[in-house]
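Chemist: Before we start, here is the structure in question, set down as structure tokens.
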Amino acid sequence: MIKTNTDFLNERLEERRENGLMRNLVDKGHLVDFCSNDYLGMAQSEAFKQLIDQKLAQYSPARVGATGSRLISGNFAYTEELEQKMAVFHGAETGLIFNSGYDANLGVFASLARRGDTMITDELIHASIIDGVRLTHAKRLRFRHNNLADLEKKLRVAEGNIFVGVESVYSMDGDIAPLAEIADLCDQYNAHLIVDEAHATGVFGAQGEGLVQSEGLQNKVLARIHTFGKALGSHGAVVLGSKALRDYLVNFARSFVYTTALPMHSLIAMEASYELFPTLHQARTHLSNLIRVFQNTMRKTAHYEVLPSPSPIQGVIVPGNAKAKALSQQIEEAGFYVKAILSPTVPAGQERLRICLHAFNTETELDQLIKIINV
């Protein structure tokens, strides 16, 4: 039997090991969760599970799988009705469901800009957007994080159709984009604004509708991407915008066109989440209180720099990969799960603990975590 030579794979893996950057799959379910994106606790909510079961019994889907892409055999009237329900909730004309937030960003950013156009993104944008932008033939520019002057500098030299991509809440720093000011600049330079609401959905706004809508900017944004695998506790994503945008993505977004559609169970989970998360006012209030406690306490007592953040994502800068990993290990030994984010994922010297707060965390647990960090 001829064996494939995998030496080049082992060499690259060994280089990662030597640099202390080897990734491994882990199960930390036994630890107190200060790591996941389950901000409202919906992924572990008994009420959410029961609602999904009720809807499954109600709809009794004839098939387990979708059997094909939505353009072939995987489209259901139910899916289109669900998309419209989401659009109404978010104050949009219509929406298009994708299999994941990654697929949505890949499809949107890769398809919209063409040769002769310009795509401008924040330098801290999510990897899925970076990958989408890389697939275009457009001119690609980055502006300094949340820096309006630098964005305007890039807009002045942009050509063709101009697109600006930002996140409403950034996944590593947990800070918020100045969306109103960015939207005004886009208006001034006739640019199209695209906003990834992944870490805002469910958390920000009176009903968890996200930052674009809570700031009344939905009519100034070409596309909004809301993902369901974080605070909404399920899976998939919806791109919201005009009917023309939806038709365009159905025709040109390859991550939509060339993939098997989601099964009915996933769609039912989405519908259940949209019925449940707008009602979780108490959970959002408790989460906001934990964020306030963490920021106030850490700023007074921490040995490390604490990034300002009004979101569930809290960054504690622990410079150096070895130091950040060691502190993360100490926290784990105490029974808590906090992820160390290392360079080159973040710049050297900006290694950190990425702490995620949740509506199911208690103030006692948070106090214990803070004490461990400050030892």
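Following the order of the structure tokens, chains are lettered A, B, ..., residues in each are numbered from 1, and ligands are numbered from 1.
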Extract, using only C-alpha atoms, all DNA, RNA and protein residues at most 9 Å from Gln218 of chain A, discarding same-chain residues fewer than 5 positions from it, and format them as a list of chain:residue names.

Modeler: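 Skipping anything fewer than 5 positions along the chain leaves A:His90, A:Gly91, A:Ala92, A:Val212, A:Gln213, A:Ala223, A:Arg224, A:Gly241.
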
Chemist: Go ahead and write the residues just picked, N, CA and C atoms, as a PDB file, in the first residue's frame.

Modeler:
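And here's selection.pdb as it stands now:
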```pdb
ATOM      1  N   HIS A  90     -36.796  42.826  13.193  1.00  0.00           N
ATOM      2  CA  HIS A  90     -35.627  43.696  13.116  1.00  0.00           C
ATOM      3  C   HIS A  90     -35.865  44.965  12.299  1.00  0.00           C
ATOM      4  N   GLY A  91     -37.090  45.189  11.849  1.00  0.00           N
ATOM      5  CA  GLY A  91     -37.373  46.403  11.089  1.00  0.00           C
ATOM      6  C   GLY A  91     -36.698  46.440   9.739  1.00  0.00           C
ATOM      7  N   ALA A  92     -36.632  45.283   9.073  1.00  0.00           N
ATOM      8  CA  ALA A  92     -36.013  45.188   7.746  1.00  0.00           C
ATOM      9  C   ALA A  92     -37.076  44.782   6.721  1.00  0.00           C
ATOM     10  N   VAL A 212     -27.780  48.229  15.762  1.00  0.00           N
ATOM     11  CA  VAL A 212     -28.228  49.020  14.609  1.00  0.00           C
ATOM     12  C   VAL A 212     -29.662  49.481  14.826  1.00  0.00           C
ATOM     13  N   GLN A 213     -30.497  48.560  15.179  1.00  0.00           N
ATOM     14  CA  GLN A 213     -31.910  48.864  15.343  1.00  0.00           C
ATOM     15  C   GLN A 213     -32.167  49.715  16.585  1.00  0.00           C
ATOM     16  N   ALA A 223     -26.663  45.924   4.762  1.00  0.00           N
ATOM     17  CA  ALA A 223     -26.864  44.546   5.216  1.00  0.00           C
ATOM     18  C   ALA A 223     -26.510  44.428   6.681  1.00  0.00           C
ATOM     19  N   ARG A 224     -27.349  43.711   7.412  1.00  0.00           N
ATOM     20  CA  ARG A 224     -27.071  43.362   8.802  1.00  0.00           C
ATOM     21  C   ARG A 224     -26.990  41.850   8.917  1.00  0.00           C
ATOM     22  N   GLY A 241     -31.982  42.983   4.944  1.00  0.00           N
ATOM     23  CA  GLY A 241     -31.812  44.117   4.041  1.00  0.00           C
ATOM     24  C   GLY A 241     -33.004  44.234   3.110  1.00  0.00           C
TER      25      GLY A 241
END
```

Chemist: If you run DSSP over the backbone, which residues in segment 135-350 of chain A end up strand (DSSP E)? Put them as an MDAnalysis selection string.

Modeler: chainID A and resid 139:143 162:167 191:196 223:227 237:241 305:306 313:317 336:337 339:341

Chemist: Which is closer to His126 of chain A than all the others in A:Ser242, A:Ser266, A:Asn251, A:Thr345, using only C-alpha atoms?

Modeler: A:Thr345

Chemist: For each of A:Val133, A:Arg17, A:Glu215, A:Ile268, take the minimum atom-to-atom distance to Tyr59 of chain A, counting only C-alpha atoms, then give the residue where this is smallest.

Modeler: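 Closest residue, counting only C-alpha atoms: A:Ile268.
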
Chemist: Excluding Thr227 of chain A and its own-chain neighbours fewer than 3 positions away, which residues fall within 7 Å of it when counting only C-alpha atoms? Please give them as a PDB file with N, CA and C atoms, in the first residue's frame.

Modeler:
```
ATOM      1  N   SER A 100     -24.633  29.429   8.798  1.00  0.00           N
ATOM      2  CA  SER A 100     -23.864  29.887   9.961  1.00  0.00           C
ATOM      3  C   SER A 100     -23.482  31.341   9.755  1.00  0.00           C
ATOM      4  N   GLY A 101     -23.010  31.968  10.820  1.00  0.00           N
ATOM      5  CA  GLY A 101     -22.506  33.331  10.697  1.00  0.00           C
ATOM      6  C   GLY A 101     -21.311  33.404   9.771  1.00  0.00           C
ATOM      7  N   ALA A 198     -23.224  39.917  15.374  1.00  0.00           N
ATOM      8  CA  ALA A 198     -23.129  38.612  16.025  1.00  0.00           C
ATOM      9  C   ALA A 198     -23.143  38.699  17.543  1.00  0.00           C
ATOM     10  N   GLY A 236     -26.896  29.025  12.920  1.00  0.00           N
ATOM     11  CA  GLY A 236     -27.314  29.673  11.689  1.00  0.00           C
ATOM     12  C   GLY A 236     -27.208  31.181  11.777  1.00  0.00           C
ATOM     13  N   ALA A 237     -27.705  31.869  10.735  1.00  0.00           N
ATOM     14  CA  ALA A 237     -27.632  33.329  10.678  1.00  0.00           C
ATOM     15  C   ALA A 237     -28.656  33.832   9.686  1.00  0.00           C
ATOM     16  N   VAL A 238     -28.995  35.114   9.808  1.00  0.00           N
ATOM     17  CA  VAL A 238     -29.858  35.751   8.824  1.00  0.00           C
ATOM     18  C   VAL A 238     -29.206  37.048   8.369  1.00  0.00           C
TER      19      VAL A 238
END
```
